[in-house]
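What follows is input26.pdb (PDB, C-alpha atoms, pLDDT in the B column).
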ATOM      1  CA  MET F   1       4.376 -59.872 -23.623  1.00 51.00           C
ATOM      2  CA  ASN F   2       5.918 -62.123 -20.971  1.00 55.00           C
ATOM      3  CA  ILE F   3       9.691 -61.972 -20.938  1.00 60.00           C
ATOM      4  CA  LEU F   4      11.286 -64.785 -18.970  1.00 62.00           C
ATOM      5  CA  LYS F   5      14.435 -63.897 -17.131  1.00 70.00           C
ATOM      6  CA  LYS F   6      17.203 -66.400 -17.715  1.00 83.00           C
ATOM      7  CA  LYS F   7      18.633 -67.813 -14.480  1.00 91.00           C
ATOM      8  CA  GLU F   8      22.266 -67.135 -13.759  1.00 95.00           C
ATOM      9  CA  ARG F   9      24.544 -70.152 -14.275  1.00 97.00           C
ATOM     10  CA  VAL F  10      27.235 -70.802 -11.674  1.00 98.00           C
ATOM     11  CA  ALA F  11      30.223 -73.118 -11.713  1.00 98.00           C
ATOM     12  CA  ILE F  12      31.779 -74.056  -8.383  1.00 98.00           C
ATOM     13  CA  TYR F  13      35.477 -74.840  -8.009  1.00 98.00           C
ATOM     14  CA  ILE F  14      36.725 -76.254  -4.703  1.00 97.00           C
ATOM     15  CA  ASP F  15      40.445 -76.436  -3.953  1.00 95.00           C
ATOM     16  CA  GLY F  16      40.126 -79.637  -1.908  1.00 92.00           C
ATOM     17  CA  SER F  17      43.332 -79.590   0.120  1.00 87.00           C
ATOM     18  CA  ASN F  18      43.017 -75.847   0.787  1.00 85.00           C
ATOM     19  CA  PHE F  19      39.415 -76.311   1.935  1.00 87.00           C
ATOM     20  CA  TYR F  20      40.232 -79.407   4.006  1.00 83.00           C
ATOM     21  CA  LYS F  21      43.050 -77.576   5.857  1.00 81.00           C
ATOM     22  CA  TYR F  22      40.661 -74.778   6.776  1.00 81.00           C
ATOM     23  CA  LEU F  23      37.968 -77.181   7.953  1.00 79.00           C
ATOM     24  CA  LYS F  24      40.495 -78.940  10.198  1.00 77.00           C
ATOM     25  CA  ASN F  25      41.882 -75.660  11.557  1.00 72.00           C
ATOM     26  CA  LYS F  26      41.368 -75.349  15.319  1.00 66.00           C
ATOM     27  CA  GLU F  27      39.741 -71.925  14.775  1.00 66.00           C
ATOM     28  CA  ILE F  28      36.986 -73.616  12.779  1.00 66.00           C
ATOM     29  CA  GLY F  29      36.716 -76.623  15.074  1.00 64.00           C
ATOM     30  CA  PHE F  30      35.552 -79.240  12.587  1.00 68.00           C
ATOM     31  CA  PRO F  31      36.532 -82.395  14.481  1.00 66.00           C
ATOM     32  CA  LYS F  32      37.795 -85.591  12.910  1.00 69.00           C
ATOM     33  CA  GLY F  33      35.004 -87.981  12.026  1.00 67.00           C
ATOM     34  CA  VAL F  34      32.384 -85.264  11.501  1.00 71.00           C
ATOM     35  CA  LYS F  35      31.170 -85.208   7.915  1.00 81.00           C
ATOM     36  CA  PHE F  36      30.735 -82.056   5.856  1.00 86.00           C
ATOM     37  CA  ASP F  37      27.479 -81.707   3.899  1.00 90.00           C
ATOM     38  CA  TYR F  38      28.699 -80.679   0.451  1.00 92.00           C
ATOM     39  CA  ASP F  39      25.184 -80.752  -1.048  1.00 93.00           C
ATOM     40  CA  LYS F  40      23.926 -78.257   1.518  1.00 94.00           C
ATOM     41  CA  PHE F  41      27.054 -76.128   0.992  1.00 95.00           C
ATOM     42  CA  ILE F  42      26.487 -76.060  -2.788  1.00 96.00           C
ATOM     43  CA  GLU F  43      22.853 -75.010  -2.238  1.00 95.00           C
ATOM     44  CA  PHE F  44      24.067 -72.214   0.065  1.00 95.00           C
ATOM     45  CA  LEU F  45      26.536 -70.954  -2.555  1.00 96.00           C
ATOM     46  CA  THR F  46      24.167 -71.311  -5.493  1.00 96.00           C
ATOM     47  CA  ARG F  47      21.185 -69.574  -3.843  1.00 92.00           C
ATOM     48  CA  ASP F  48      18.486 -69.012  -6.497  1.00 92.00           C
ATOM     49  CA  ARG F  49      20.844 -69.654  -9.409  1.00 96.00           C
ATOM     50  CA  ILE F  50      21.532 -72.803 -11.427  1.00 96.00           C
ATOM     51  CA  CYS F  51      24.628 -74.844 -10.615  1.00 97.00           C
ATOM     52  CA  VAL F  52      25.967 -76.043 -13.965  1.00 97.00           C
ATOM     53  CA  SER F  53      29.196 -77.550 -12.663  1.00 97.00           C
ATOM     54  CA  LYS F  54      30.779 -78.476  -9.347  1.00 97.00           C
ATOM     55  CA  ARG F  55      34.410 -79.501  -9.313  1.00 97.00           C
ATOM     56  CA  TYR F  56      36.712 -80.715  -6.576  1.00 96.00           C
ATOM     57  CA  TYR F  57      40.509 -80.531  -7.068  1.00 96.00           C
ATOM     58  CA  VAL F  58      42.816 -82.644  -4.927  1.00 94.00           C
ATOM     59  CA  GLY F  59      46.225 -84.284  -4.816  1.00 90.00           C
ATOM     60  CA  ILE F  60      45.895 -88.055  -4.599  1.00 88.00           C
ATOM     61  CA  ALA F  61      47.523 -89.728  -1.608  1.00 82.00           C
ATOM     62  CA  SER F  62      49.648 -92.799  -2.197  1.00 80.00           C
ATOM     63  CA  ASN F  63      50.821 -95.549   0.091  1.00 76.00           C
ATOM     64  CA  LEU F  64      54.591 -95.216  -0.211  1.00 72.00           C
ATOM     65  CA  ASP F  65      55.624 -96.723   3.109  1.00 76.00           C
ATOM     66  CA  ASN F  66      52.948 -99.449   3.374  1.00 77.00           C
ATOM     67  CA  THR F  67      52.110 -98.484   6.956  1.00 79.00           C
ATOM     68  CA  GLU F  68      48.645 -98.875   8.416  1.00 83.00           C
ATOM     69  CA  LYS F  69      48.316 -95.076   8.657  1.00 78.00           C
ATOM     70  CA  SER F  70      49.132 -94.685   4.942  1.00 77.00           C
ATOM     71  CA  LYS F  71      46.634 -97.400   4.035  1.00 83.00           C
ATOM     72  CA  GLN F  72      43.932 -95.637   6.055  1.00 84.00           C
ATOM     73  CA  ILE F  73      44.682 -92.269   4.442  1.00 81.00           C
ATOM     74  CA  VAL F  74      44.508 -93.705   0.916  1.00 84.00           C
ATOM     75  CA  SER F  75      41.374 -95.713   1.671  1.00 86.00           C
ATOM     76  CA  GLY F  76      39.646 -92.755   3.349  1.00 84.00           C
ATOM     77  CA  GLN F  77      40.444 -90.431   0.464  1.00 87.00           C
ATOM     78  CA  GLN F  78      39.230 -92.955  -2.137  1.00 91.00           C
ATOM     79  CA  LYS F  79      35.979 -93.481  -0.212  1.00 90.00           C
ATOM     80  CA  PHE F  80      35.425 -89.716   0.082  1.00 88.00           C
ATOM     81  CA  LEU F  81      36.118 -89.079  -3.615  1.00 92.00           C
ATOM     82  CA  SER F  82      33.771 -91.890  -4.657  1.00 92.00           C
ATOM     83  CA  LYS F  83      31.050 -90.346  -2.489  1.00 91.00           C
ATOM     84  CA  ILE F  84      31.332 -86.868  -3.975  1.00 92.00           C
ATOM     85  CA  GLU F  85      31.576 -88.274  -7.518  1.00 93.00           C
ATOM     86  CA  ASN F  86      28.280 -90.061  -6.816  1.00 92.00           C
ATOM     87  CA  ASP F  87      26.936 -86.620  -5.833  1.00 91.00           C
ATOM     88  CA  ASP F  88      27.798 -85.338  -9.347  1.00 94.00           C
ATOM     89  CA  PHE F  89      31.082 -83.627  -8.539  1.00 96.00           C
ATOM     90  CA  ILE F  90      33.787 -83.762 -11.165  1.00 96.00           C
ATOM     91  CA  VAL F  91      36.961 -84.725  -9.322  1.00 96.00           C
ATOM     92  CA  LYS F  92      40.176 -83.368 -10.813  1.00 96.00           C
ATOM     93  CA  ARG F  93      43.154 -85.297  -9.499  1.00 93.00           C
ATOM     94  CA  GLY F  94      46.622 -83.919  -8.969  1.00 90.00           C
ATOM     95  CA  LYS F  95      49.685 -85.504  -7.439  1.00 88.00           C
ATOM     96  CA  ILE F  96      51.158 -85.491  -3.987  1.00 83.00           C
ATOM     97  CA  ILE F  97      54.921 -85.592  -3.807  1.00 81.00           C
ATOM     98  CA  TYR F  98      57.058 -86.202  -0.764  1.00 76.00           C
ATOM     99  CA  ASP F  99      59.949 -83.770  -0.822  1.00 74.00           C
ATOM    100  CA  GLY F 100      62.444 -84.097   2.025  1.00 73.00           C
ATOM    101  CA  GLY F 101      59.776 -84.934   4.587  1.00 71.00           C
ATOM    102  CA  LYS F 102      57.406 -82.263   3.299  1.00 77.00           C
ATOM    103  CA  ILE F 103      54.214 -83.150   1.502  1.00 77.00           C
ATOM    104  CA  ARG F 104      53.458 -80.993  -1.534  1.00 80.00           C
ATOM    105  CA  GLU F 105      50.561 -81.015  -3.926  1.00 83.00           C
ATOM    106  CA  LYS F 106      51.324 -80.652  -7.629  1.00 85.00           C
ATOM    107  CA  GLY F 107      49.076 -79.909 -10.573  1.00 86.00           C
ATOM    108  CA  THR F 108      45.815 -78.948  -8.906  1.00 92.00           C
ATOM    109  CA  ASP F 109      46.238 -75.158  -9.120  1.00 93.00           C
ATOM    110  CA  VAL F 110      47.000 -75.406 -12.825  1.00 94.00           C
ATOM    111  CA  LYS F 111      43.876 -77.528 -13.361  1.00 96.00           C
ATOM    112  CA  ILE F 112      41.729 -74.978 -11.500  1.00 97.00           C
ATOM    113  CA  ALA F 113      43.209 -72.088 -13.518  1.00 97.00           C
ATOM    114  CA  VAL F 114      42.692 -73.885 -16.844  1.00 97.00           C
ATOM    115  CA  ASP F 115      39.103 -74.838 -15.965  1.00 98.00           C
ATOM    116  CA  LEU F 116      38.281 -71.256 -14.904  1.00 98.00           C
ATOM    117  CA  VAL F 117      39.639 -69.875 -18.181  1.00 98.00           C
ATOM    118  CA  VAL F 118      38.106 -72.560 -20.435  1.00 98.00           C
ATOM    119  CA  GLY F 119      34.744 -72.117 -18.700  1.00 98.00           C
ATOM    120  CA  ALA F 120      34.852 -68.376 -19.367  1.00 98.00           C
ATOM    121  CA  VAL F 121      35.975 -68.747 -22.997  1.00 98.00           C
ATOM    122  CA  ASP F 122      33.422 -71.475 -23.774  1.00 98.00           C
ATOM    123  CA  ASN F 123      30.634 -69.545 -21.968  1.00 97.00           C
ATOM    124  CA  LEU F 124      29.943 -72.447 -19.615  1.00 97.00           C
ATOM    125  CA  TYR F 125      28.963 -70.167 -16.716  1.00 98.00           C
ATOM    126  CA  ASP F 126      27.940 -66.627 -15.845  1.00 98.00           C
ATOM    127  CA  THR F 127      29.621 -66.721 -12.418  1.00 98.00           C
ATOM    128  CA  ALA F 128      32.570 -68.735 -11.172  1.00 98.00           C
ATOM    129  CA  ILE F 129      32.632 -69.464  -7.431  1.00 98.00           C
ATOM    130  CA  LEU F 130      36.042 -70.423  -6.082  1.00 98.00           C
ATOM    131  CA  ILE F 131      36.660 -71.916  -2.659  1.00 96.00           C
ATOM    132  CA  SER F 132      40.378 -71.337  -2.327  1.00 92.00           C
ATOM    133  CA  SER F 133      42.658 -68.667  -0.929  1.00 89.00           C
ATOM    134  CA  ASP F 134      45.503 -69.470  -3.324  1.00 90.00           C
ATOM    135  CA  THR F 135      46.599 -66.182  -4.864  1.00 93.00           C
ATOM    136  CA  ASP F 136      48.439 -68.064  -7.652  1.00 93.00           C
ATOM    137  CA  LEU F 137      44.983 -68.241  -9.263  1.00 96.00           C
ATOM    138  CA  ILE F 138      44.600 -64.452  -9.573  1.00 96.00           C
ATOM    139  CA  PRO F 139      45.780 -64.257 -13.227  1.00 97.00           C
ATOM    140  CA  ALA F 140      43.084 -66.780 -14.219  1.00 97.00           C
ATOM    141  CA  ILE F 141      40.507 -64.854 -12.167  1.00 97.00           C
ATOM    142  CA  ARG F 142      41.438 -61.617 -13.915  1.00 97.00           C
ATOM    143  CA  TYR F 143      40.926 -63.321 -17.263  1.00 98.00           C
ATOM    144  CA  VAL F 144      37.500 -64.597 -16.139  1.00 97.00           C
ATOM    145  CA  LYS F 145      36.522 -61.005 -15.367  1.00 97.00           C
ATOM    146  CA  PHE F 146      38.047 -59.789 -18.649  1.00 97.00           C
ATOM    147  CA  LYS F 147      35.622 -62.189 -20.384  1.00 97.00           C
ATOM    148  CA  LYS F 148      32.771 -60.358 -18.583  1.00 97.00           C
ATOM    149  CA  LYS F 149      32.067 -63.201 -16.152  1.00 98.00           C
ATOM    150  CA  LYS F 150      31.497 -62.655 -12.453  1.00 98.00           C
ATOM    151  CA  PHE F 151      33.821 -64.107  -9.860  1.00 98.00           C
ATOM    152  CA  GLU F 152      32.939 -64.963  -6.255  1.00 97.00           C
ATOM    153  CA  TYR F 153      35.565 -65.800  -3.664  1.00 97.00           C
ATOM    154  CA  VAL F 154      34.710 -68.012  -0.699  1.00 96.00           C
ATOM    155  CA  GLY F 155      37.178 -67.973   2.178  1.00 92.00           C
ATOM    156  CA  PHE F 156      37.329 -68.122   5.935  1.00 87.00           C
ATOM    157  CA  SER F 157      36.900 -65.127   8.216  1.00 86.00           C
ATOM    158  CA  HIS F 158      39.891 -66.012  10.408  1.00 82.00           C
ATOM    159  CA  SER F 159      42.257 -66.087   7.417  1.00 84.00           C
ATOM    160  CA  PRO F 160      40.917 -64.222   4.381  1.00 88.00           C
ATOM    161  CA  SER F 161      42.918 -63.694   1.211  1.00 91.00           C
ATOM    162  CA  PHE F 162      42.915 -59.966   0.582  1.00 93.00           C
ATOM    163  CA  GLY F 163      44.262 -60.563  -2.943  1.00 93.00           C
ATOM    164  CA  MET F 164      41.294 -62.787  -3.746  1.00 94.00           C
ATOM    165  CA  GLN F 165      38.849 -60.326  -2.187  1.00 96.00           C
ATOM    166  CA  LYS F 166      40.312 -57.474  -4.210  1.00 96.00           C
ATOM    167  CA  ASN F 167      39.661 -59.380  -7.448  1.00 96.00           C
ATOM    168  CA  ALA F 168      36.196 -60.699  -6.594  1.00 96.00           C
ATOM    169  CA  ASN F 169      32.789 -59.307  -7.488  1.00 97.00           C
ATOM    170  CA  LEU F 170      31.583 -60.852  -4.224  1.00 96.00           C
ATOM    171  CA  SER F 171      33.470 -62.241  -1.237  1.00 96.00           C
ATOM    172  CA  ILE F 172      31.944 -64.664   1.207  1.00 95.00           C
ATOM    173  CA  LEU F 173      33.979 -65.088   4.363  1.00 94.00           C
ATOM    174  CA  LEU F 174      32.692 -68.013   6.353  1.00 90.00           C
ATOM    175  CA  LEU F 175      32.554 -67.772  10.124  1.00 87.00           C
ATOM    176  CA  PRO F 176      32.917 -70.862  12.335  1.00 83.00           C
ATOM    177  CA  GLU F 177      29.149 -70.630  12.982  1.00 85.00           C
ATOM    178  CA  ASP F 178      28.519 -70.763   9.230  1.00 85.00           C
ATOM    179  CA  ILE F 179      30.639 -73.888   8.828  1.00 84.00           C
ATOM    180  CA  LYS F 180      28.766 -75.644  11.646  1.00 83.00           C
ATOM    181  CA  LYS F 181      25.585 -75.395   9.553  1.00 88.00           C
ATOM    182  CA  PHE F 182      27.137 -77.874   7.117  1.00 87.00           C
ATOM    183  CA  LYS F 183      27.923 -80.613   9.620  1.00 84.00           C
ATOM    184  CA  LYS F 184      26.195 -83.898   8.867  1.00 79.00           C
TER
END
Write out the structure in this file as structure tokens.
Amino acid sequence: MNILKKKERVAIYIDGSNFYKYLKNKEIGFPKGVKFDYDKFIEFLTRDRICVSKRYYVGIASNLDNTEKSKQIVSGQQKFLSKIENDDFIVKRGKIIYDGGKIREKGTDVKIAVDLVVGAVDNLYDTAILISSDTDLIPAIRYVKFKKKKFEYVGFSHSPSFGMQKNANLSILLLPEDIKKFKK
């Protein structure tokens, strides 16, 4: 009797602004203008499993002051999001608010948490892979594990989240050399 082993299903959740900040960090050295190969990155994370969902969460920039710099930021973000949507990412949009000169993202963490929980409840995946070091997501992660799903944390070696590592079945801490493999 031949028993086929069912392939593990993974869902990938990328906290876009968190990931972008790390890629632009001088420790990582991902210079402006160099493109990141998300397809290759997803293959690396998925390994021999099946990727059933890949989601990218980001606050949407707006052109409040009508300067050339603001126009370029909005245009660049829209172009990038169109590209990854064409590569079958689901883009979940949050808001960016300008609070006394500080830029803050609103709504993306809640969307990630809800999607992690709904995915676990609806049995959409066997393993959730999260690229974020935001410890506000730990209650959702604990629920994912309560539902008998696996959780993998992907962070950066120069600035790992020990809270995320503590709650993960597997932690992948990317070194600058690892990131360079995904340059286009």
Fewer than 3 positions away in the same chain doesn't count, so skip those; otherwise give me all residues within 9 Å of Tyr153 (chain F), counting all atoms listed in the file, as number ranges by chain. F: 128-133, 164-165, 167-173
Keeping C-alpha atoms, export the residues of the selection given above as a PDB file, in the coordinates of the input.
ATOM      1  CA  ALA F 128      32.570 -68.735 -11.172  1.00 98.00           C
ATOM      2  CA  ILE F 129      32.632 -69.464  -7.431  1.00 98.00           C
ATOM      3  CA  LEU F 130      36.042 -70.423  -6.082  1.00 98.00           C
ATOM      4  CA  ILE F 131      36.660 -71.916  -2.659  1.00 96.00           C
ATOM      5  CA  SER F 132      40.378 -71.337  -2.327  1.00 92.00           C
ATOM      6  CA  SER F 133      42.658 -68.667  -0.929  1.00 89.00           C
ATOM      7  CA  MET F 164      41.294 -62.787  -3.746  1.00 94.00           C
ATOM      8  CA  GLN F 165      38.849 -60.326  -2.187  1.00 96.00           C
ATOM      9  CA  ASN F 167      39.661 -59.380  -7.448  1.00 96.00           C
ATOM     10  CA  ALA F 168      36.196 -60.699  -6.594  1.00 96.00           C
ATOM     11  CA  ASN F 169      32.789 -59.307  -7.488  1.00 97.00           C
ATOM     12  CA  LEU F 170      31.583 -60.852  -4.224  1.00 96.00           C
ATOM     13  CA  SER F 171      33.470 -62.241  -1.237  1.00 96.00           C
ATOM     14  CA  ILE F 172      31.944 -64.664   1.207  1.00 95.00           C
ATOM     15  CA  LEU F 173      33.979 -65.088   4.363  1.00 94.00           C
TER      16      LEU F 173
END
What's the 12 Å shell around Phe80 (chain F), counting only C-alpha atoms, without same-chain residues fewer than 3 positions away, as a PyMOL selection string? chain F and resi 16+35-38+56+58+60+72-77+83-87+89+91
Which residues are near Glu8 (chain F)? Cut-off 12 Å, all atoms listed in the file, ignore same chain within fewer than 6 positions. Put them as a PyMOL selection string. chain F and resi 46-52+123-128+149-150
Restricting the calculation to all atoms listed in the file: of F:Arg93, F:Lys40, F:Lys102, F:Lys145, which residue gets closest to Lys183 (chain F)? F:Lys40
Go through the shown structure with the PyMOL selection byres ((chain F and resi 107-118) around 7) and write out the matching residues as number ranges by chain. F: 57-59, 93-95, 105-106, 119-122, 137, 140, 143-144
Show me, as a ChimeraX atom specification, the residues that have an atom within 8 Å of Ser161 (chain F) when counting only C-alpha atoms, minus same-chain residues fewer than 5 positions from it. /F:133-135,155
Protein/DNA/RNA residues near (31.9, -73.0, 1.1), cut 8 Å, all atoms listed in the file, as number ranges by chain: F: 41-42, 44-45, 131, 154-155, 174, 179
So, counting only C-alpha atoms, which residue among F:Ser157, F:Lys24, F:Gly163, F:Lys148 is closest to Asp178 (chain F)?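 Smallest distance to Asp178 (chain F) is found for F:Ser157.
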CA of Asn25 (chain F) and CA of Tyr98 (chain F), how far apart in Å?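 The value is 22.2 Å.
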What is the CA of Arg104 (chain F) to CA of Asn18 (chain F) distance in Å?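 Distance reported for this atom pair: 11.9 Å.
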Using all atoms of region 125-128 of chain F that appear in the file, construct an axis-aligned enclosing box with 8 Å of padding on every side and provide its centre coordinates and edge lengths in Å, rounded to one decimal, as AutoDock Vina command-line options.
--center_x 30.3 --center_y -68.4 --center_z -13.9 --size_x 20.6 --size_y 19.5 --size_z 21.5
Can you tell me how far CA of Asp88 (chain F) sits from CA of Asp15 (chain F), in Å to one decimal?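 According to the coordinates, CA of Asp88 (chain F) and CA of Asp15 (chain F) are separated by 16.4 Å.
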